[in-house]
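Structure, as structure tokens:
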Amino acid sequence: MAQDHDVWAIVHENDREAIVAGQKSDGRMSGIRFCFLGEQQKRGSNRLIARIHNWLDYRRWNQRAVVLANKLHEEIGFHVAHHVTMASWRMGSPLGGTPIPFVFGPVGGGEIVPLHLFKTLSTKSAAFELLRKLSNAAGFCSSSVRRTLKKAGHIFAANAETRALMLNIGADPAIVDLLSPAFISEEYSRPIQKRAQREEMQLFCGGEIEGRKGIAVALQALKILKNRGARFHYVVGGAGAELAHLQKMVRQLELSDEVTMGRSFSGEEYRKILESADFYFLPSLRDSAPVTLLEAMAAGCIPMVCNLGGPGMMVGDIGFKVEPMDCQKMAEALADAIEVLSGDERRELMSAAIARYARETFSENNFRRRMSDTYRKIALLR
């Protein structure tokens, strides 16, 4: 950012179409000059191979971005720059190779699935998590990561685990703050509707269906509830690599009548299902900053999460968090909480309080204010 009216952004060519559409629909983007870098990339259906391709492409893009950033800086003289990452700390910022004071993040990736909960994952998901641990070890030793953390003017960590990891690598505690990259957009700020009183509890979760999301633990909890005679319906929106494994698990646990899985929702239909659900039920074992959780909270869903990573930080003290203990004990604790809350007369008050907390704490205006204050501080120190 050079002056208030002179803002440039270096972005990947893959984002051109979305940015052009955004400039037409959002006046706040009209003052930004975009430099598109890289080539259009197409990915196959294999998600693991696609992730590897993304990573290699991002590395090449970084190498080219530092050249362009230095060239623009010579012409313009930026006061502060901001690297918005691929949500991971494992690759250093190209801005570490420029003289421009810069902000790094919000960045996540420091969350890991506890080893004792690997048994809840499919073989494929467990293998991926092990590969990720190896990637973490490589990132910890990366000279570009260490240079980034040393040269950054300010760093935002998406959750406590990522902050702790960056401090261990050598970041200055004085410049590393917690800030979730998830915030409430205007479309989820409308007043919540009073939920209909039903005998059957409505539970929902959404997003990419992966082993790390803890849906296997959720299903175990629902089996306990069913054995106790509870009536409920659990909707898992979205698709992903773990879908077939979890669908098999649903059949084995005899939950086919109570669980709907694999259907995607969008637009008004998605907002309505959030507004009708009593609980957002996703005890994720590894998540950085789940936007779907925040949208559900803004709609008044009572969050039921695992006290790990982004969900644990985002829920705070207002929702229900289960500690990452043994799978059976976690399932029992979740089942107990749902059973108690389902009959609690204060549930409607809790719903309203959660929606208010989400909108006030994670508002878009708050996010923008934090960023603007940080830019000004760095620019003044220049």
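Numbering starts fresh at 1 for the residues of each chain in the structure tokens, the chains themselves are lettered A, B, ... in the order given, and ligands are numbered from 1 as they appear.
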Check the DSSP output for the backbone and give back, as a VMD selection string, the residues of segment 65-287 of chain A in strand (DSSP E or B). chain A and resid 81 to 83 102 to 107 154 to 157 176 to 178 184 201 to 206 232 to 237 259 to 263 279 to 281
Near segment 306-322 of chain A, counting only C-alpha atoms, which residues have an atom at most 6 Å away, once you skip same-chain residues fewer than 2 positions from it, shown as number ranges by chain? A: 111, 159, 283-284, 287-289, 303-304
Skipping near chain neighbours, those fewer than 4 positions away, what residues fall within 9 Å of Leu222 of chain A using only C-alpha atoms, listed as number ranges by chain? A: 217-218, 226-227, 230, 232, 234, 255, 258, 331, 334-335
Measuring between only C-alpha atoms, which one of A:Ile175, A:Leu203, A:Met325, A:Gly108 shows the shortest distance to Ala160 of chain A? A:Gly108
Check segment 246-325 of chain A with DSSP on the backbone and list each residue it calls alpha helix (DSSP H), as a ChimeraX atom specification. /A:246-252,267-276,291-298,309-315
Selected residues written out, N, CA and C atoms, as a compact mmCIF listing (two decimals), in the first residue's frame:
```txt
# COMPACT_ATOMS: atom_id res chain seq x y z
N LEU A 246 -17.24 -42.64 5.38
CA LEU A 246 -18.22 -42.24 6.39
C LEU A 246 -19.61 -42.81 6.07
N GLN A 247 -19.96 -42.90 4.80
CA GLN A 247 -21.24 -43.51 4.44
C GLN A 247 -21.28 -44.97 4.85
N LYS A 248 -20.17 -45.67 4.72
CA LYS A 248 -20.08 -47.05 5.18
C LYS A 248 -20.23 -47.12 6.69
N MET A 249 -19.65 -46.17 7.38
CA MET A 249 -19.75 -46.11 8.83
C MET A 249 -21.18 -45.86 9.27
N VAL A 250 -21.89 -45.00 8.55
CA VAL A 250 -23.31 -44.73 8.85
C VAL A 250 -24.11 -46.01 8.79
N ARG A 251 -23.87 -46.82 7.77
CA ARG A 251 -24.60 -48.09 7.63
C ARG A 251 -24.24 -49.05 8.77
N GLN A 252 -22.96 -49.14 9.10
CA GLN A 252 -22.52 -50.04 10.15
C GLN A 252 -23.11 -49.66 11.51
N GLY A 267 -26.39 -20.63 -1.42
CA GLY A 267 -27.33 -19.52 -1.48
C GLY A 267 -28.37 -19.53 -0.38
N GLU A 268 -29.60 -19.22 -0.75
CA GLU A 268 -30.69 -19.10 0.22
C GLU A 268 -31.00 -20.44 0.88
N GLU A 269 -30.87 -21.53 0.15
CA GLU A 269 -31.12 -22.86 0.72
C GLU A 269 -30.13 -23.15 1.86
N TYR A 270 -28.88 -22.74 1.66
CA TYR A 270 -27.87 -22.95 2.69
C TYR A 270 -28.18 -22.11 3.93
N ARG A 271 -28.57 -20.85 3.75
CA ARG A 271 -28.88 -20.00 4.89
C ARG A 271 -30.10 -20.53 5.66
N LYS A 272 -31.06 -21.07 4.92
CA LYS A 272 -32.26 -21.60 5.59
C LYS A 272 -31.95 -22.83 6.42
N ILE A 273 -31.06 -23.70 5.93
CA ILE A 273 -30.74 -24.89 6.71
C ILE A 273 -29.96 -24.52 7.96
N LEU A 274 -29.14 -23.47 7.88
CA LEU A 274 -28.45 -23.00 9.07
C LEU A 274 -29.44 -22.43 10.09
N GLU A 275 -30.42 -21.70 9.59
CA GLU A 275 -31.39 -21.07 10.48
C GLU A 275 -32.34 -22.08 11.12
N SER A 276 -32.47 -23.26 10.50
CA SER A 276 -33.38 -24.28 11.05
C SER A 276 -32.66 -25.27 11.96
N VAL A 291 -14.99 -21.18 8.07
CA VAL A 291 -15.99 -20.16 7.80
C VAL A 291 -17.40 -20.70 8.03
N THR A 292 -17.64 -21.96 7.69
CA THR A 292 -18.97 -22.55 7.85
C THR A 292 -19.39 -22.54 9.32
N LEU A 293 -18.47 -22.82 10.23
CA LEU A 293 -18.78 -22.76 11.66
C LEU A 293 -19.22 -21.36 12.04
N LEU A 294 -18.51 -20.35 11.57
CA LEU A 294 -18.84 -18.97 11.91
C LEU A 294 -20.20 -18.57 11.33
N GLU A 295 -20.48 -18.98 10.10
CA GLU A 295 -21.77 -18.68 9.50
C GLU A 295 -22.89 -19.34 10.28
N ALA A 296 -22.66 -20.57 10.74
CA ALA A 296 -23.66 -21.28 11.53
C ALA A 296 -23.91 -20.58 12.86
N MET A 297 -22.84 -20.13 13.52
CA MET A 297 -23.00 -19.41 14.77
C MET A 297 -23.77 -18.11 14.56
N ALA A 298 -23.48 -17.41 13.47
CA ALA A 298 -24.19 -16.16 13.18
C ALA A 298 -25.67 -16.40 12.94
N GLY A 309 -7.41 -26.02 17.60
CA GLY A 309 -7.29 -25.14 16.45
C GLY A 309 -8.27 -23.99 16.41
N GLY A 310 -8.68 -23.66 15.17
CA GLY A 310 -9.58 -22.54 14.95
C GLY A 310 -10.92 -22.67 15.66
N PRO A 311 -11.60 -23.83 15.58
CA PRO A 311 -12.91 -23.95 16.23
C PRO A 311 -12.85 -23.66 17.73
N GLY A 312 -11.83 -24.19 18.41
CA GLY A 312 -11.71 -23.95 19.83
C GLY A 312 -11.58 -22.48 20.16
N MET A 313 -10.81 -21.73 19.33
CA MET A 313 -10.64 -20.30 19.54
C MET A 313 -11.90 -19.52 19.17
N MET A 314 -12.54 -19.90 18.06
CA MET A 314 -13.69 -19.14 17.57
C MET A 314 -14.91 -19.29 18.47
N VAL A 315 -15.11 -20.47 19.03
CA VAL A 315 -16.27 -20.71 19.88
C VAL A 315 -16.12 -20.00 21.22
```
Neighbouring residues of Thr260 of chain A were defined as those with any atom within 9 Å, considering only C-alpha atoms; residues of the same chain fewer than 6 positions away were excluded. Please report them as a PyMOL selection string. chain A and resi 233-237
Atomic distance atom CA of Arg369 of chain A - atom CA of Glu186 of chain A, expressed in Å with one decimal: 16.0 Å
Which is closest to Lys151 of chain A among A:Gly31, A:Gly96, A:Gly139, A:Gly211, if we use only C-alpha atoms?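 Smallest distance to Lys151 of chain A is found for A:Gly96.
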Any idea what's packed within 12 Å of Thr123 of chain A, counting only C-alpha atoms, ignoring anything in its chain fewer than 3 positions away? Could you give it as a PyMOL selection string? chain A and resi 118-120+126-130+210-211+241-242+245
Could you list, as a PDB file with N, CA and C atoms, in the first residue's frame, every residue within 12 Å of Ala81 of chain A, counting only C-alpha atoms and ignoring same-chain residues fewer than 5 positions away?
```
ATOM      1  N   MET A   1       0.850  -1.183   0.000  1.00  0.00           N
ATOM      2  CA  MET A   1       0.000   0.000   0.000  1.00  0.00           C
ATOM      3  C   MET A   1       0.889   1.237   0.000  1.00  0.00           C
ATOM      4  N   ALA A   2       0.824   2.064  -1.020  1.00  0.00           N
ATOM      5  CA  ALA A   2       1.667   3.240  -1.098  1.00  0.00           C
ATOM      6  C   ALA A   2       0.994   4.431  -0.430  1.00  0.00           C
ATOM      7  N   GLN A   3      -0.125   4.875  -0.950  1.00  0.00           N
ATOM      8  CA  GLN A   3      -0.913   5.931  -0.344  1.00  0.00           C
ATOM      9  C   GLN A   3      -2.331   5.394  -0.202  1.00  0.00           C
ATOM     10  N   ASP A   6      -3.578   4.595  -3.504  1.00  0.00           N
ATOM     11  CA  ASP A   6      -2.689   3.890  -4.429  1.00  0.00           C
ATOM     12  C   ASP A   6      -2.397   2.496  -3.883  1.00  0.00           C
ATOM     13  N   VAL A   7      -3.265   1.567  -4.213  1.00  0.00           N
ATOM     14  CA  VAL A   7      -3.169   0.209  -3.690  1.00  0.00           C
ATOM     15  C   VAL A   7      -2.998  -0.768  -4.852  1.00  0.00           C
ATOM     16  N   TRP A   8      -1.971  -1.614  -4.752  1.00  0.00           N
ATOM     17  CA  TRP A   8      -1.687  -2.595  -5.777  1.00  0.00           C
ATOM     18  C   TRP A   8      -1.798  -3.994  -5.190  1.00  0.00           C
ATOM     19  N   ALA A   9      -2.141  -4.969  -6.018  1.00  0.00           N
ATOM     20  CA  ALA A   9      -2.207  -6.361  -5.571  1.00  0.00           C
ATOM     21  C   ALA A   9      -1.620  -7.263  -6.640  1.00  0.00           C
ATOM     22  N   ILE A  10      -0.710  -8.153  -6.235  1.00  0.00           N
ATOM     23  CA  ILE A  10      -0.156  -9.169  -7.132  1.00  0.00           C
ATOM     24  C   ILE A  10      -0.892 -10.477  -6.840  1.00  0.00           C
ATOM     25  N   VAL A  66       8.356 -12.096  -6.105  1.00  0.00           N
ATOM     26  CA  VAL A  66       9.358 -11.234  -5.465  1.00  0.00           C
ATOM     27  C   VAL A  66      10.013 -10.323  -6.493  1.00  0.00           C
ATOM     28  N   ALA A  69       7.391  -7.623  -7.268  1.00  0.00           N
ATOM     29  CA  ALA A  69       7.216  -6.731  -6.118  1.00  0.00           C
ATOM     30  C   ALA A  69       8.366  -5.726  -6.021  1.00  0.00           C
ATOM     31  N   ASN A  70       9.588  -6.199  -6.232  1.00  0.00           N
ATOM     32  CA  ASN A  70      10.738  -5.291  -6.183  1.00  0.00           C
ATOM     33  C   ASN A  70      10.687  -4.261  -7.308  1.00  0.00           C
ATOM     34  N   LEU A  72       7.954  -3.092  -8.830  1.00  0.00           N
ATOM     35  CA  LEU A  72       6.910  -2.107  -8.514  1.00  0.00           C
ATOM     36  C   LEU A  72       7.362  -1.162  -7.403  1.00  0.00           C
ATOM     37  N   HIS A  73       8.081  -1.708  -6.426  1.00  0.00           N
ATOM     38  CA  HIS A  73       8.535  -0.874  -5.310  1.00  0.00           C
ATOM     39  C   HIS A  73       9.515   0.195  -5.783  1.00  0.00           C
ATOM     40  N   SER A  93       7.239 -16.048   2.769  1.00  0.00           N
ATOM     41  CA  SER A  93       6.657 -15.034   1.897  1.00  0.00           C
ATOM     42  C   SER A  93       7.690 -14.481   0.934  1.00  0.00           C
ATOM     43  N   PRO A  94       7.318 -14.217  -0.322  1.00  0.00           N
ATOM     44  CA  PRO A  94       8.249 -13.562  -1.246  1.00  0.00           C
ATOM     45  C   PRO A  94       8.620 -12.163  -0.772  1.00  0.00           C
ATOM     46  N   LEU A  95       7.780 -11.560   0.084  1.00  0.00           N
ATOM     47  CA  LEU A  95       8.072 -10.225   0.584  1.00  0.00           C
ATOM     48  C   LEU A  95       9.284 -10.216   1.511  1.00  0.00           C
ATOM     49  N   GLY A  96       9.673 -11.402   1.999  1.00  0.00           N
ATOM     50  CA  GLY A  96      10.899 -11.481   2.791  1.00  0.00           C
ATOM     51  C   GLY A  96      12.136 -11.153   1.973  1.00  0.00           C
ATOM     52  N   THR A  98      12.229  -8.584  -0.169  1.00  0.00           N
ATOM     53  CA  THR A  98      12.092  -7.187  -0.593  1.00  0.00           C
ATOM     54  C   THR A  98      12.395  -6.275   0.593  1.00  0.00           C
ATOM     55  N   PRO A  99      12.664  -5.008   0.334  1.00  0.00           N
ATOM     56  CA  PRO A  99      12.883  -4.056   1.435  1.00  0.00           C
ATOM     57  C   PRO A  99      11.591  -3.454   1.972  1.00  0.00           C
ATOM     58  N   ILE A 100      10.437  -3.925   1.512  1.00  0.00           N
ATOM     59  CA  ILE A 100       9.158  -3.339   1.904  1.00  0.00           C
ATOM     60  C   ILE A 100       8.723  -3.891   3.263  1.00  0.00           C
ATOM     61  N   PRO A 101       8.382  -3.043   4.236  1.00  0.00           N
ATOM     62  CA  PRO A 101       7.811  -3.542   5.492  1.00  0.00           C
ATOM     63  C   PRO A 101       6.502  -4.269   5.189  1.00  0.00           C
ATOM     64  N   PHE A 102       6.317  -5.445   5.794  1.00  0.00           N
ATOM     65  CA  PHE A 102       5.132  -6.207   5.393  1.00  0.00           C
ATOM     66  C   PHE A 102       4.442  -6.914   6.547  1.00  0.00           C
ATOM     67  N   VAL A 103       3.157  -7.216   6.286  1.00  0.00           N
ATOM     68  CA  VAL A 103       2.306  -7.984   7.191  1.00  0.00           C
ATOM     69  C   VAL A 103       2.200  -9.394   6.629  1.00  0.00           C
ATOM     70  N   PHE A 104       2.299 -10.385   7.492  1.00  0.00           N
ATOM     71  CA  PHE A 104       2.202 -11.787   7.078  1.00  0.00           C
ATOM     72  C   PHE A 104       0.984 -12.405   7.769  1.00  0.00           C
ATOM     73  N   GLY A 105       0.023 -12.884   6.964  1.00  0.00           N
ATOM     74  CA  GLY A 105      -1.130 -13.567   7.534  1.00  0.00           C
ATOM     75  C   GLY A 105      -2.427 -12.774   7.410  1.00  0.00           C
ATOM     76  N   ALA A 152       9.241  -9.837   8.919  1.00  0.00           N
ATOM     77  CA  ALA A 152       7.879  -9.310   8.899  1.00  0.00           C
ATOM     78  C   ALA A 152       7.717  -8.192   9.927  1.00  0.00           C
ATOM     79  N   GLY A 153       6.947  -7.157   9.529  1.00  0.00           N
ATOM     80  CA  GLY A 153       6.647  -6.087  10.467  1.00  0.00           C
ATOM     81  C   GLY A 153       5.573  -6.492  11.453  1.00  0.00           C
ATOM     82  N   HIS A 154       4.676  -7.369  11.002  1.00  0.00           N
ATOM     83  CA  HIS A 154       3.629  -7.889  11.885  1.00  0.00           C
ATOM     84  C   HIS A 154       3.153  -9.221  11.329  1.00  0.00           C
ATOM     85  N   MET A 371      -6.741  -4.682  10.519  1.00  0.00           N
ATOM     86  CA  MET A 371      -5.772  -4.568   9.434  1.00  0.00           C
ATOM     87  C   MET A 371      -5.331  -3.121   9.216  1.00  0.00           C
ATOM     88  N   SER A 372      -6.273  -2.196   9.213  1.00  0.00           N
ATOM     89  CA  SER A 372      -5.947  -0.790   8.982  1.00  0.00           C
ATOM     90  C   SER A 372      -5.037  -0.252  10.080  1.00  0.00           C
ATOM     91  N   THR A 374      -2.955  -1.919  11.872  1.00  0.00           N
ATOM     92  CA  THR A 374      -1.631  -2.531  11.702  1.00  0.00           C
ATOM     93  C   THR A 374      -0.865  -1.859  10.572  1.00  0.00           C
ATOM     94  N   TYR A 375      -1.549  -1.584   9.451  1.00  0.00           N
ATOM     95  CA  TYR A 375      -0.889  -0.898   8.335  1.00  0.00           C
ATOM     96  C   TYR A 375      -0.343   0.464   8.790  1.00  0.00           C
ATOM     97  N   ARG A 376      -1.179   1.212   9.524  1.00  0.00           N
ATOM     98  CA  ARG A 376      -0.752   2.541   9.956  1.00  0.00           C
ATOM     99  C   ARG A 376       0.448   2.454  10.887  1.00  0.00           C
ATOM    100  N   ILE A 378       2.784   0.132  11.046  1.00  0.00           N
ATOM    101  CA  ILE A 378       3.994  -0.220  10.320  1.00  0.00           C
ATOM    102  C   ILE A 378       4.474   0.962   9.465  1.00  0.00           C
ATOM    103  N   ALA A 379       3.535   1.652   8.833  1.00  0.00           N
ATOM    104  CA  ALA A 379       3.911   2.789   7.993  1.00  0.00           C
ATOM    105  C   ALA A 379       4.578   3.889   8.821  1.00  0.00           C
ATOM    106  N   ARG A 382       8.227   3.161   9.650  1.00  0.00           N
ATOM    107  CA  ARG A 382       9.116   3.029   8.476  1.00  0.00           C
ATOM    108  C   ARG A 382      10.246   4.039   8.492  1.00  0.00           C
TER     109      ARG A 382
END
```
Just the residues within 9 Å of Pro114 of chain A, please, counting only C-alpha atoms, with nothing from its chain fewer than 3 positions along; format it as a list in words.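 These residues fall inside the cut-off: Leu117, Phe118, Leu285, Arg286 and Pro324 of chain A.
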So which one's closest to Lys124 of chain A, A:Leu243, A:Ile354, A:Leu380, A:Ala65? Using only C-alpha atoms, please.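 When distances to Lys124 of chain A are compared using only C-alpha atoms, the smallest one comes from A:Leu243.
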Between A:Ala158, A:Ala138, A:Ala277, A:Ala174, which residue has the minimum interatomic distance to Phe204 of chain A, considering only C-alpha atoms?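 Distance minimum relative to Phe204 of chain A lands on A:Ala277.
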What does the distance from atom CA of Phe265 of chain A to atom CA of Gly207 of chain A come to in Å, to one decimal?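 Atom CA of Gly207 of chain A lies at a distance of 9.7 Å from atom CA of Phe265 of chain A.
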Suppose you want the space between atom CA of Gly22 of chain A and atom CA of Asn365 of chain A; what is it in Å?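 Here the two named atoms are 18.6 Å from each other.
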Given only C-alpha atoms as the counted atoms, nearest of A:Phe281, A:Phe36, A:Phe140, A:Phe156 to His82 of chain A: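 Of A:Phe281, A:Phe36, A:Phe140, A:Phe156, the one nearest His82 of chain A is A:Phe156, counting only C-alpha atoms.
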